[in-house]
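Novice: So I've got this file, start.txt, and it contains compact mmCIF, C-alpha atoms:
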# COMPACT_ATOMS: atom_id res chain seq x y z
CA MET A 901 -53.73 -101.10 -179.98
CA ARG A 902 -51.32 -99.14 -182.04
CA PHE A 903 -49.96 -97.50 -178.87
CA SER A 904 -49.40 -100.95 -177.37
CA LYS A 905 -47.32 -102.06 -180.34
CA VAL A 906 -45.18 -98.94 -180.11
CA MET A 907 -44.46 -99.51 -176.42
CA THR A 908 -43.61 -103.16 -177.07
CA ARG A 909 -41.13 -102.15 -179.78
CA ILE A 910 -39.50 -99.56 -177.49
CA SER A 911 -39.16 -102.12 -174.68
CA THR A 912 -37.58 -104.59 -177.04
CA HIS A 913 -34.98 -102.02 -178.17
CA ILE A 914 -34.16 -101.05 -174.58
CA LEU A 915 -33.71 -104.73 -173.62
CA ALA A 916 -31.50 -105.31 -176.66
CA LEU A 917 -29.40 -102.28 -175.73
CA ILE A 918 -28.94 -103.51 -172.15
CA VAL A 919 -27.91 -107.01 -173.31
CA GLY A 920 -25.48 -105.50 -175.84
CA VAL A 921 -23.82 -103.30 -173.21
CA ALA A 922 -23.49 -106.28 -170.82
CA LEU A 923 -21.90 -108.44 -173.49
CA THR A 924 -19.49 -105.65 -174.45
CA PHE A 925 -18.20 -105.11 -170.88
CA GLY A 926 -17.94 -108.88 -170.33
CA THR A 927 -15.76 -109.23 -173.40
CA LEU A 928 -13.53 -106.36 -172.30
CA ARG A 929 -13.10 -107.90 -168.84
CA VAL A 930 -12.11 -111.27 -170.32
CA ALA A 931 -9.67 -109.62 -172.70
CA ALA A 932 -8.12 -107.58 -169.89
CA SER A 933 -7.69 -110.61 -167.66
CA GLN A 934 -5.90 -112.44 -170.45
CA ALA A 935 -3.53 -109.58 -171.26
CA GLU A 936 -2.63 -108.44 -167.69
CA PRO A 937 -2.96 -111.17 -165.08
CA ALA A 938 -3.64 -110.05 -161.52
CA PRO A 939 -0.53 -110.03 -159.26
CA ALA A 940 0.06 -113.51 -157.88
CA SER A 941 0.89 -114.27 -154.26
CA PRO A 942 4.61 -114.52 -153.39
CA LEU A 943 4.35 -118.31 -153.26
CA VAL A 944 2.95 -118.50 -156.79
CA ALA A 945 5.40 -115.89 -158.09
CA SER A 946 8.43 -117.75 -156.71
CA SER A 947 7.45 -120.84 -158.68
CA SER A 948 7.34 -118.96 -161.97
CA PRO A 949 10.12 -120.19 -164.32
CA THR A 950 10.72 -116.64 -165.52
CA LEU A 951 11.22 -115.27 -162.00
CA LEU A 952 13.43 -118.19 -161.00
CA ALA A 953 15.64 -117.54 -164.00
CA GLN A 954 15.99 -113.90 -162.99
CA ALA A 955 16.80 -114.71 -159.32
CA SER A 956 19.36 -117.42 -160.04
CA PRO A 957 22.96 -116.35 -160.76
CA SER A 958 24.13 -116.93 -164.28
CA PRO A 959 26.37 -120.00 -164.71
CA GLY A 960 29.37 -117.84 -165.69
CA ARG A 961 29.45 -115.73 -162.53
CA SER A 962 31.67 -116.50 -159.48
CA SER A 963 32.36 -114.93 -156.08
CA PHE A 964 35.52 -113.04 -155.14
CA VAL A 965 36.47 -116.01 -152.94
CA THR A 966 36.29 -118.36 -155.93
CA GLN A 967 38.44 -115.99 -157.97
CA ALA A 968 40.96 -115.56 -155.14
CA ILE A 969 41.34 -119.31 -154.68
CA ALA A 970 41.64 -119.86 -158.42
CA ARG A 971 44.56 -117.43 -158.42
CA THR A 972 46.58 -118.69 -155.44
CA GLY A 973 45.02 -121.99 -154.33
CA PRO A 974 47.15 -124.19 -156.65
CA ALA A 975 50.32 -122.84 -154.95
CA VAL A 976 49.21 -123.98 -151.48
CA VAL A 977 50.84 -127.26 -150.42
CA ARG A 978 50.54 -129.84 -147.67
CA ILE A 979 53.73 -130.51 -145.74
CA ASP A 980 54.25 -133.93 -144.14
CA THR A 981 57.22 -134.39 -141.84
CA ALA A 982 58.84 -137.29 -140.04
CA ARG A 983 61.61 -137.66 -137.51
CA THR A 984 63.09 -140.29 -135.23
CA VAL A 985 62.64 -139.70 -131.52
CA THR A 986 64.69 -141.58 -128.95
CA THR A 987 62.66 -142.94 -126.05
CA ASN A 988 64.07 -142.25 -122.60
CA PHE A 989 63.45 -145.18 -120.24
CA SER A 990 62.20 -144.63 -116.76
CA PRO A 991 64.88 -144.98 -114.04
CA PHE A 992 62.66 -147.78 -112.74
CA PHE A 993 64.11 -150.11 -115.39
CA GLU A 994 67.64 -149.42 -114.16
CA ASP A 995 66.80 -150.15 -110.55
CA PRO A 996 68.89 -153.11 -109.22
CA PHE A 997 65.77 -154.63 -107.63
CA PHE A 998 64.03 -154.65 -111.03
CA ARG A 999 67.11 -156.11 -112.74
CA GLU A 1000 67.36 -158.87 -110.11
CA PHE A 1001 63.92 -160.19 -111.04
CA PHE A 1002 63.73 -159.40 -114.79
CA GLY A 1003 67.38 -159.15 -115.88
CA ASP A 1004 68.68 -156.89 -118.65
CA ARG A 1005 66.73 -158.50 -121.48
CA PHE A 1006 63.49 -156.70 -120.57
CA SER A 1007 64.89 -153.21 -121.24
CA GLN A 1008 66.86 -154.41 -124.26
CA GLN A 1009 63.69 -155.73 -125.91
CA MET A 1010 61.76 -152.48 -125.43
CA PRO A 1011 61.81 -150.08 -128.41
CA GLN A 1012 64.30 -147.30 -127.92
CA GLU A 1013 63.28 -145.21 -130.94
CA ARG A 1014 59.99 -144.23 -132.50
CA ARG A 1015 58.91 -142.35 -135.61
CA GLU A 1016 57.10 -139.11 -135.03
CA GLN A 1017 55.06 -137.59 -137.86
CA GLY A 1018 53.67 -134.11 -138.31
CA GLN A 1019 51.66 -132.17 -140.82
CA GLY A 1020 51.12 -128.57 -141.82
CA SER A 1021 50.74 -126.27 -144.78
CA GLY A 1022 52.85 -123.91 -146.87
CA PHE A 1023 52.83 -122.08 -150.19
CA ILE A 1024 55.22 -121.80 -153.13
CA ILE A 1025 56.75 -118.35 -153.63
CA ASP A 1026 59.24 -119.14 -156.41
CA SER A 1027 59.08 -121.39 -159.46
CA SER A 1028 62.31 -123.08 -158.35
CA GLY A 1029 60.39 -124.68 -155.48
CA ILE A 1030 60.91 -122.25 -152.58
CA ILE A 1031 58.15 -122.62 -149.99
CA LEU A 1032 57.24 -120.46 -146.99
CA THR A 1033 55.84 -122.08 -143.88
CA ASN A 1034 56.01 -121.97 -140.06
CA ALA A 1035 59.16 -122.96 -138.20
CA HIS A 1036 57.17 -125.20 -135.86
CA VAL A 1037 55.79 -127.16 -138.83
CA VAL A 1038 59.26 -128.39 -139.84
CA SER A 1039 61.03 -128.24 -136.46
CA GLY A 1040 63.41 -131.20 -136.14
CA ALA A 1041 62.15 -132.76 -139.37
CA GLU A 1042 64.38 -135.39 -140.96
CA GLU A 1043 62.05 -136.06 -143.88
CA VAL A 1044 59.82 -133.50 -145.59
CA THR A 1045 57.24 -134.38 -148.26
CA ILE A 1046 55.39 -131.74 -150.28
CA THR A 1047 52.00 -132.49 -151.84
CA LEU A 1048 50.53 -130.06 -154.39
CA GLN A 1049 46.87 -129.44 -155.03
CA ASP A 1050 47.09 -131.39 -158.31
CA GLY A 1051 48.42 -134.47 -156.46
CA ARG A 1052 52.11 -134.18 -157.31
CA GLU A 1053 54.49 -135.16 -154.47
CA TYR A 1054 58.09 -134.09 -153.92
CA GLU A 1055 60.77 -134.60 -151.32
CA ALA A 1056 62.05 -131.34 -149.84
CA THR A 1057 64.74 -129.92 -147.57
CA VAL A 1058 64.50 -127.32 -144.83
CA ARG A 1059 66.75 -124.44 -145.92
CA GLY A 1060 66.34 -122.21 -142.87
CA SER A 1061 64.22 -121.84 -139.77
CA ASP A 1062 63.73 -119.04 -137.26
CA PRO A 1063 61.80 -120.03 -134.11
CA VAL A 1064 61.70 -116.43 -132.88
CA THR A 1065 59.41 -115.33 -135.74
CA ASP A 1066 58.12 -118.87 -136.42
CA LEU A 1067 59.14 -118.65 -140.07
CA ALA A 1068 60.87 -121.26 -142.21
CA VAL A 1069 61.85 -121.78 -145.84
CA VAL A 1070 61.63 -125.22 -147.47
CA LYS A 1071 63.04 -126.09 -150.92
CA ILE A 1072 61.69 -128.84 -153.17
CA ASN A 1073 64.55 -131.17 -154.15
CA GLY A 1074 65.68 -131.27 -157.76
CA SER A 1075 64.34 -129.09 -160.53
CA PRO A 1076 60.56 -129.40 -160.61
CA SER A 1077 58.69 -127.90 -163.55
CA ASN A 1078 55.43 -126.01 -163.95
CA LEU A 1079 55.10 -125.09 -160.31
CA PRO A 1080 52.31 -122.62 -159.44
CA VAL A 1081 53.48 -119.54 -157.52
CA ALA A 1082 51.49 -117.56 -154.95
CA ALA A 1083 51.05 -113.82 -155.42
CA LEU A 1084 52.42 -111.91 -152.43
CA GLY A 1085 50.51 -108.86 -151.24
CA ASP A 1086 51.35 -105.95 -148.94
CA SER A 1087 50.33 -106.49 -145.31
CA GLY A 1088 51.11 -102.84 -144.63
CA GLN A 1089 47.98 -101.91 -146.59
CA VAL A 1090 45.66 -104.25 -144.65
CA GLN A 1091 42.89 -102.63 -142.63
CA VAL A 1092 40.55 -103.91 -139.94
CA GLY A 1093 37.42 -105.22 -141.63
CA ASP A 1094 39.17 -106.39 -144.81
CA TRP A 1095 38.26 -109.84 -146.08
CA ALA A 1096 40.55 -112.68 -144.98
CA ILE A 1097 40.64 -116.10 -146.65
CA ALA A 1098 42.55 -118.91 -144.90
CA VAL A 1099 43.78 -121.83 -147.01
CA GLY A 1100 45.50 -125.00 -145.83
CA SER A 1101 45.18 -128.63 -144.78
CA PRO A 1102 43.57 -128.67 -141.31
CA GLY A 1103 43.39 -132.20 -139.99
CA GLY A 1104 44.92 -133.46 -143.23
CA LEU A 1105 41.95 -132.20 -145.26
CA ASN A 1106 43.73 -130.72 -148.26
CA ASN A 1107 42.60 -127.51 -149.96
CA THR A 1108 40.31 -126.35 -147.16
CA VAL A 1109 39.13 -122.74 -147.45
CA THR A 1110 37.58 -120.58 -144.72
CA LEU A 1111 36.42 -116.97 -144.87
CA GLY A 1112 36.44 -114.14 -142.33
CA ILE A 1113 37.73 -110.63 -141.80
CA ILE A 1114 40.79 -108.96 -140.32
CA SER A 1115 39.87 -108.37 -136.68
CA THR A 1116 42.95 -106.53 -135.39
CA LEU A 1117 46.33 -105.33 -136.65
CA ASP A 1118 49.69 -105.53 -134.85
CA ARG A 1119 48.63 -107.90 -132.07
CA PRO A 1120 51.85 -108.44 -130.03
CA SER A 1121 52.87 -112.07 -129.55
CA PHE A 1122 53.05 -111.71 -125.77
CA GLN A 1123 49.35 -110.72 -125.73
CA VAL A 1124 48.55 -113.87 -127.68
CA GLY A 1125 50.24 -115.98 -125.01
CA ILE A 1126 53.51 -116.83 -126.79
CA PRO A 1127 56.07 -114.48 -125.22
CA ASP A 1128 59.02 -116.35 -126.73
CA LYS A 1129 58.09 -115.04 -130.21
CA ARG A 1130 58.75 -111.62 -131.70
CA VAL A 1131 55.87 -111.00 -134.04
CA ASN A 1132 53.03 -108.51 -134.26
CA PHE A 1133 50.23 -110.66 -135.68
CA LEU A 1134 47.29 -110.04 -137.93
CA GLN A 1135 44.23 -111.26 -136.02
CA THR A 1136 41.38 -112.84 -137.98
CA ASP A 1137 38.11 -114.64 -137.34
CA ALA A 1138 38.61 -116.91 -140.36
CA ALA A 1139 38.66 -120.46 -138.99
CA ILE A 1140 42.25 -121.65 -138.41
CA ASN A 1141 42.73 -125.20 -137.13
CA PRO A 1142 45.69 -127.54 -136.52
CA GLY A 1143 47.15 -128.26 -139.94
CA ASN A 1144 46.46 -124.74 -141.22
CA SER A 1145 49.81 -123.64 -139.77
CA GLY A 1146 52.09 -122.33 -142.49
CA GLY A 1147 49.29 -121.84 -144.99
CA PRO A 1148 48.47 -118.47 -146.53
CA LEU A 1149 45.97 -115.86 -145.41
CA LEU A 1150 44.67 -114.16 -148.57
CA ASN A 1151 42.97 -110.87 -149.29
CA ASP A 1152 39.96 -110.57 -151.59
CA ARG A 1153 42.26 -110.42 -154.64
CA GLY A 1154 43.99 -113.71 -153.86
CA GLU A 1155 47.23 -112.11 -152.64
CA VAL A 1156 49.02 -113.52 -149.59
CA ILE A 1157 48.84 -111.03 -146.72
CA GLY A 1158 49.83 -113.37 -143.89
CA ILE A 1159 50.99 -116.83 -142.82
CA ASN A 1160 48.55 -118.67 -140.56
CA THR A 1161 50.40 -119.63 -137.42
CA ALA A 1162 48.43 -119.79 -134.19
CA ILE A 1163 45.04 -120.34 -132.62
CA ARG A 1164 43.99 -119.42 -129.13
CA ALA A 1165 43.01 -122.53 -127.18
CA ASN A 1166 40.53 -120.77 -124.90
CA ALA A 1167 38.66 -118.88 -127.61
CA THR A 1168 36.59 -119.55 -130.72
CA GLY A 1169 36.92 -117.53 -133.89
CA ILE A 1170 40.30 -116.02 -133.05
CA GLY A 1171 43.31 -116.86 -135.18
CA PHE A 1172 46.64 -115.20 -135.90
CA ALA A 1173 48.87 -114.80 -138.93
CA ILE A 1174 52.41 -113.49 -139.43
CA PRO A 1175 52.25 -110.43 -141.73
CA ILE A 1176 53.66 -111.27 -145.14
CA ASN A 1177 55.90 -108.18 -145.06
CA LYS A 1178 57.81 -109.72 -142.15
CA ALA A 1179 58.28 -112.90 -144.21
CA LYS A 1180 59.48 -110.85 -147.17
CA GLU A 1181 62.18 -109.33 -144.97
CA LEU A 1182 63.48 -112.71 -143.82
CA LYS A 1183 62.84 -115.16 -146.68
CA ASP A 1184 66.18 -114.61 -148.46
CA ILE A 1185 68.12 -114.94 -145.19
CA LEU A 1186 66.31 -118.19 -144.40
CA ALA A 1187 66.68 -119.53 -147.94
CA ALA A 1188 70.44 -119.01 -147.65
CA GLY A 1189 70.52 -120.86 -144.32
CA ARG A 1190 71.80 -117.87 -142.38
CA GLN A 1191 70.89 -116.89 -138.84
CA VAL A 1192 68.24 -114.19 -138.55
CA PRO A 1193 69.54 -111.30 -136.41
CA HIS A 1194 67.44 -110.69 -133.30
CA PRO A 1195 68.87 -107.99 -131.00
CA PHE A 1196 67.85 -108.19 -127.36
CA VAL A 1197 68.68 -106.52 -124.03
CA GLY A 1198 67.28 -109.07 -121.56
CA ILE A 1199 64.35 -107.63 -119.60
CA GLU A 1200 60.75 -108.53 -118.84
CA MET A 1201 58.47 -105.50 -118.99
CA ARG A 1202 55.04 -104.28 -117.93
CA ASP A 1203 53.24 -101.14 -119.09
CA MET A 1204 53.06 -98.55 -116.32
CA THR A 1205 50.62 -95.70 -115.63
CA PRO A 1206 50.35 -93.37 -112.62
CA ASP A 1207 47.18 -95.21 -111.47
CA ILE A 1208 48.87 -98.62 -111.62
CA ALA A 1209 51.88 -97.30 -109.71
CA LYS A 1210 49.66 -95.66 -107.09
CA ARG A 1211 47.75 -98.89 -106.42
CA PHE A 1212 51.03 -100.78 -106.20
CA ASN A 1213 52.48 -98.26 -103.73
CA GLN A 1214 49.37 -98.46 -101.54
CA ASP A 1215 49.85 -102.20 -101.09
CA PRO A 1216 51.40 -102.65 -97.61
CA ASN A 1217 53.27 -105.71 -98.88
CA SER A 1218 55.05 -103.85 -101.68
CA THR A 1219 58.81 -104.06 -101.29
CA ILE A 1220 59.58 -101.03 -103.49
CA ILE A 1221 58.04 -97.64 -104.17
CA LEU A 1222 57.34 -96.98 -107.84
CA PRO A 1223 57.44 -93.54 -109.46
CA GLU A 1224 53.89 -92.61 -110.43
CA VAL A 1225 54.57 -91.83 -114.08
CA ASN A 1226 53.78 -93.17 -117.55
CA GLY A 1227 56.50 -95.55 -118.70
CA VAL A 1228 57.53 -99.20 -118.88
CA PHE A 1229 58.16 -101.07 -115.63
CA VAL A 1230 61.13 -103.46 -115.51
CA ALA A 1231 59.66 -106.58 -113.92
CA ARG A 1232 62.81 -108.68 -114.24
CA VAL A 1233 66.38 -108.39 -115.48
CA LEU A 1234 67.64 -111.67 -116.90
CA PRO A 1235 71.09 -112.84 -115.77
CA ASN A 1236 74.11 -112.55 -118.07
CA THR A 1237 72.37 -110.13 -120.41
CA PRO A 1238 73.17 -106.65 -121.76
CA ALA A 1239 70.63 -105.11 -119.36
CA GLU A 1240 72.32 -106.65 -116.33
CA ARG A 1241 75.76 -105.57 -117.51
CA ALA A 1242 74.50 -102.00 -118.05
CA GLY A 1243 73.12 -101.79 -114.48
CA LEU A 1244 69.37 -101.90 -115.16
CA ARG A 1245 67.46 -103.16 -112.11
CA ARG A 1246 64.05 -104.59 -111.29
CA GLY A 1247 61.68 -101.76 -110.35
CA ASP A 1248 63.21 -99.26 -112.78
CA VAL A 1249 60.74 -97.45 -115.04
CA ILE A 1250 61.96 -96.84 -118.59
CA LEU A 1251 60.91 -93.39 -119.81
CA GLU A 1252 62.83 -92.99 -123.08
CA VAL A 1253 64.86 -95.00 -125.59
CA GLU A 1254 67.20 -93.06 -127.88
CA GLY A 1255 65.53 -89.82 -126.80
CA GLN A 1256 62.02 -90.96 -127.74
CA ARG A 1257 59.25 -91.29 -125.15
CA VAL A 1258 57.99 -94.82 -124.51
CA THR A 1259 54.84 -95.87 -122.65
CA ARG A 1260 54.41 -99.46 -123.84
CA GLY A 1261 56.66 -102.48 -123.76
CA VAL A 1262 55.97 -103.25 -127.42
CA GLU A 1263 57.51 -99.88 -128.34
CA ILE A 1264 60.77 -100.82 -126.63
CA GLN A 1265 60.71 -104.27 -128.23
CA ASN A 1266 60.30 -102.76 -131.69
CA LYS A 1267 63.08 -100.23 -131.12
CA VAL A 1268 65.47 -102.93 -129.95
CA GLU A 1269 64.48 -105.28 -132.79
CA ASN A 1270 65.06 -102.58 -135.40
CA SER A 1271 68.37 -101.40 -133.95
CA GLY A 1272 70.65 -104.27 -134.96
CA VAL A 1273 72.95 -106.56 -132.99
CA GLY A 1274 75.82 -104.76 -131.21
CA LYS A 1275 74.07 -101.40 -131.23
CA SER A 1276 74.40 -99.13 -128.18
CA LEU A 1277 71.03 -97.73 -127.09
CA LYS A 1278 70.52 -94.92 -124.60
CA PHE A 1279 67.84 -95.72 -121.97
CA LYS A 1280 66.45 -93.00 -119.73
CA VAL A 1281 65.03 -94.61 -116.57
CA GLN A 1282 63.58 -93.46 -113.28
CA ARG A 1283 64.67 -95.28 -110.13
CA GLY A 1284 62.80 -93.94 -107.15
CA ASN A 1285 63.45 -90.19 -107.17
CA GLN A 1286 66.49 -90.51 -109.43
CA THR A 1287 66.64 -90.18 -113.21
CA LEU A 1288 69.44 -92.22 -114.82
CA ASN A 1289 70.85 -92.55 -118.34
CA LEU A 1290 72.11 -96.06 -119.14
CA ASN A 1291 73.80 -97.24 -122.34
CA ILE A 1292 72.81 -100.81 -123.22
CA THR A 1293 74.54 -102.64 -126.07
CA THR A 1294 72.28 -105.17 -127.76
CA ALA A 1295 73.31 -108.81 -128.24
CA GLN A 1296 72.03 -111.68 -130.41
CA LEU A 1297 69.05 -113.49 -128.91
CA GLN A 1298 69.80 -117.19 -128.62
CA ASN A 1299 67.06 -119.63 -129.59
CA SER A 1300 67.63 -121.67 -126.47
Can I see the file as structure tokens?
Specialist:
Amino acid sequence: MRFSKVMTRISTHILALIVGVALTFGTLRVAASQAEPAPASPLVASSSPTLLAQASPSPGRSSFVTQAIARTGPAVVRIDTARTVTTNFSPFFEDPFFREFFGDRFSQQMPQERREQGQGSGFIIDSSGIILTNAHVVSGAEEVTITLQDGREYEATVRGSDPVTDLAVVKINGSPSNLPVAALGDSGQVQVGDWAIAVGSPGGLNNTVTLGIISTLDRPSFQVGIPDKRVNFLQTDAAINPGNSGGPLLNDRGEVIGINTAIRANATGIGFAIPINKAKELKDILAAGRQVPHPFVGIEMRDMTPDIAKRFNQDPNSTIILPEVNGVFVARVLPNTPAERAGLRRGDVILEVEGQRVTRGVEIQNKVENSGVGKSLKFKVQRGNQTLNLNITTAQLQNS
């Protein structure tokens, strides 16, 4: 009996010990779950206010684009132009048979003039109201109206225009005050891959901003499809649309590195800008209303390699035999030009200019452009088996 009581007491203690241990571990588990919650699924974590606050940018932060536009955007303007265009009647109205039936009153009642309006962009480069834009934006304009980002409007006058580089300077009339001025950068420091920010008024939509990169440097105008210009463009994939012409292309610091001027009709995401360094060279000449000097010799050129010449010579319909060398092929000599007067002929291959080897037409164009009007240049050319030295004196390129 006594043994039975002892065993009962031992069993009771063991049971109490087991219950106590269970309660202790249960308490610890609850405490741990309260202090360190198990990792939540991504969906639950993303809805946490704390995590949202960490992921969201602070209200005071802004992108480099925002900062660039804040610096130069106020200096970008919309340019509205107007001119009177005379309507040329069809010869049909002057036909005696027509006059016999309708008389002269029909043609007299028809409008003979119409107003033509245009629109583009520009940017202020001087607090006096000097604006840079494209020549084609203000070509033939009789009235020019400038609209600033803050809504102010001014009448303006075209001071100078150069169709060859597609640059123009416009001056706001009077003495405006508190004009914002764009910061001009250095296009010589631009590299492929740099950020490019286009600002302007495409389609009349003021203060439109697009972002891209610099795609190519020194793209010759003849490659772009505008051989009547003399510009090596910056190429960008920043969206440039009609109305952007004349507006600035900015770098990531808000400095003007180019003037938006052209888009390629058969391509998407390809735009072109005149390097700002070219505009810096010409802005004072244009502002003074003087003619920009553009030396020329009067030839159309094609790059030549031995392979190209060999294929040409193998054509049974070829009328001339080309020297199979690296150089620049003269495709045409324009009449009444320095090249014609110097004796240059179609089929000649230019090897050197001023003693320097040339293999591309753009090299000759740059050498002529940088020489000055009235400068005598020594051309070394190959004509068949002959090597000739010709002196060509540059003349001023006429806009017509």
Novice: May I ask for the distance between CA of Asp1062 (chain A) and CA of Asn1160 (chain A), given in Å to one decimal place?
Specialist: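 A separation of 15.5 Å between them.
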Novice: Using all atoms listed in the file, find the one residue out of A:Gly1112, A:Pro1076, A:Gly1274, A:Pro1238 that sits nearest to Ile1292 (chain A).
Specialist: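 Closest to Ile1292 (chain A) of all the choices is A:Pro1238.
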Novice: Residues of region 1126-1158 of chain A that have any atom at most 7 Å from an atom of region 1166-1188 of chain A: could you tabulate them with the shortest-distance atom pair and the distance in Å to one decimal, using all atoms listed in the file, ordered by chain and increasing number, as a Markdown table?
Specialist:
| residue | atom | partner | partner_atom | distance |
| --- | --- | --- | --- | --- |
| A:Val1131 | CA | A:Ile1174 | CA | 6.9 |
| A:Phe1133 | CA | A:Ile1174 | CA | 5.2 |
| A:Leu1134 | CA | A:Ala1173 | CA | 5.1 |
| A:Gln1135 | CA | A:Phe1172 | CA | 4.6 |
| A:Thr1136 | CA | A:Gly1171 | CA | 5.3 |
| A:Asp1137 | CA | A:Gly1169 | CA | 4.7 |
| A:Ala1138 | CA | A:Gly1169 | CA | 6.7 |
| A:Ala1139 | CA | A:Gly1169 | CA | 6.1 |
| A:Ile1140 | CA | A:Gly1171 | CA | 5.9 |
| A:Val1156 | CA | A:Ile1176 | CA | 6.8 |
| A:Ile1157 | CA | A:Ile1176 | CA | 5.1 |
| A:Gly1158 | CA | A:Pro1175 | CA | 4.4 |
Novice: Skipping near chain neighbours, those fewer than 2 positions away, what residues fall within 7 Å of Arg1202 (chain A) using only C-alpha atoms, listed as a list in words?
Specialist: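 Here the answer would be Met1204, Val1228, Phe1229, Val1230, Ala1231 and Gly1261 of chain A.
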Novice: Using all atoms listed in the file, can you tell me which of A:Ile1159, A:Ile1264, A:Ala1096, A:Ala1242 comes closest to Asn1291 (chain A)?
Specialist: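 Distance minimum relative to Asn1291 (chain A) lands on A:Ala1242.
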Novice: What is the distance between CA of Ile979 (chain A) and CA of Gln1191 (chain A), in Å to one decimal?
Specialist: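 Spanning CA of Ile979 (chain A) to CA of Gln1191 (chain A) is a straight-line distance of 23.0 Å.
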Novice: Just the residues within 6 Å of Ala1041 (chain A), please, counting only C-alpha atoms, with nothing from its chain fewer than 2 positions along; format it as a list of chain:residue names.
Specialist: A:Thr981, A:Ala982, A:Arg983, A:Val1038, A:Ser1039, A:Glu1043
Novice: Please compute the CA of Thr1205 (chain A)-CA of Pro1120 (chain A) distance, one decimal, in Å.
Specialist: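 About the pair CA of Thr1205 (chain A) and CA of Pro1120 (chain A): they are 19.3 Å apart.
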Novice: Using 6 Å as the limit and counting all atoms listed in the file, can you tabulate each residue of region 1143-1255 of chain A that touches region 1295-1298 of chain A, with its shortest atom-to-atom distance in Å and the two atoms involved, as CSV?
Specialist:
residue,atom,partner,partner_atom,distance
A:His1194,CA,A:Leu1297,CA,5.5
A:Pro1195,CA,A:Gln1296,CA,4.9
A:Phe1196,CA,A:Ala1295,CA,5.6
Novice: Restricting the calculation to all atoms listed in the file, which member of A:Thr1065, A:Asn1034, A:Thr972, A:Thr984 is positioned closest to Pro1080 (chain A)?
Specialist: A:Thr972
Novice: Here is a test: counting all atoms listed in the file, which residue of A:Glu1240, A:Asp1128, A:Asp1026, A:Asp1118 is nearest to Val1197 (chain A)?
Specialist: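 Nearest to Val1197 (chain A): A:Glu1240.
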Novice: Measuring atom to atom with all atoms listed in the file, identify which of A:Leu1234, A:Val1037, A:Leu1079, A:Met1201 is nearest to Leu1067 (chain A).
Specialist: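 So, comparing all the options, the nearest one is A:Val1037.
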Novice: So which residues are close to (62.6, -128.6, -150.8), meaning at most 9 Å away in the file's coordinates with only C-alpha atoms counted, and can you show them as a PyMOL selection string?
Specialist: chain A and resi 1029-1031+1044-1046+1054-1059+1069-1074
Novice: From the options A:Val985, A:Ile1097, A:Ala1162, A:Val1281, which residue's atoms come nearest to His1036 (chain A), counting all atoms listed in the file?
Specialist: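 The closest residue to His1036 (chain A) is A:Ala1162.
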Novice: Taking a cut-off of 7 Å and counting only C-alpha atoms, can you build a table that, for each residue of region 1098-1175 of chain A near region 960-969 of chain A, reports the nearest atom pair and how far apart they are in Å (one decimal), sorted by chain then residue number, as a Markdown table?
Specialist:
| residue | atom | partner | partner_atom | distance |
| --- | --- | --- | --- | --- |
| A:Asp1152 | CA | A:Phe964 | CA | 6.2 |
| A:Arg1153 | CA | A:Ala968 | CA | 5.3 |
| A:Gly1154 | CA | A:Ala968 | CA | 3.8 |
Novice: Applying 7 Å and all atoms listed in the file, which residues near Ser1021 (chain A) remain after dropping the ones on its own chain fewer than 3 positions away? List them as a PyMOL selection string.
Specialist: chain A and resi 977-979+1033+1100-1101+1143-1147
Novice: Once you have the residues from the selection above, write them out as a PDB file, keeping the file's coordinate frame, restricted to C-alpha atoms.
Specialist:
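Output below, filename result.pdb:
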ATOM      1  CA  VAL A 977      50.840-127.260-150.420  1.00  0.00           C
ATOM      2  CA  ARG A 978      50.540-129.840-147.670  1.00  0.00           C
ATOM      3  CA  ILE A 979      53.730-130.510-145.740  1.00  0.00           C
ATOM      4  CA  THR A1033      55.840-122.080-143.880  1.00  0.00           C
ATOM      5  CA  GLY A1100      45.500-125.000-145.830  1.00  0.00           C
ATOM      6  CA  SER A1101      45.180-128.630-144.780  1.00  0.00           C
ATOM      7  CA  GLY A1143      47.150-128.260-139.940  1.00  0.00           C
ATOM      8  CA  ASN A1144      46.460-124.740-141.220  1.00  0.00           C
ATOM      9  CA  SER A1145      49.810-123.640-139.770  1.00  0.00           C
ATOM     10  CA  GLY A1146      52.090-122.330-142.490  1.00  0.00           C
ATOM     11  CA  GLY A1147      49.290-121.840-144.990  1.00  0.00           C
TER      12      GLY A1147
END
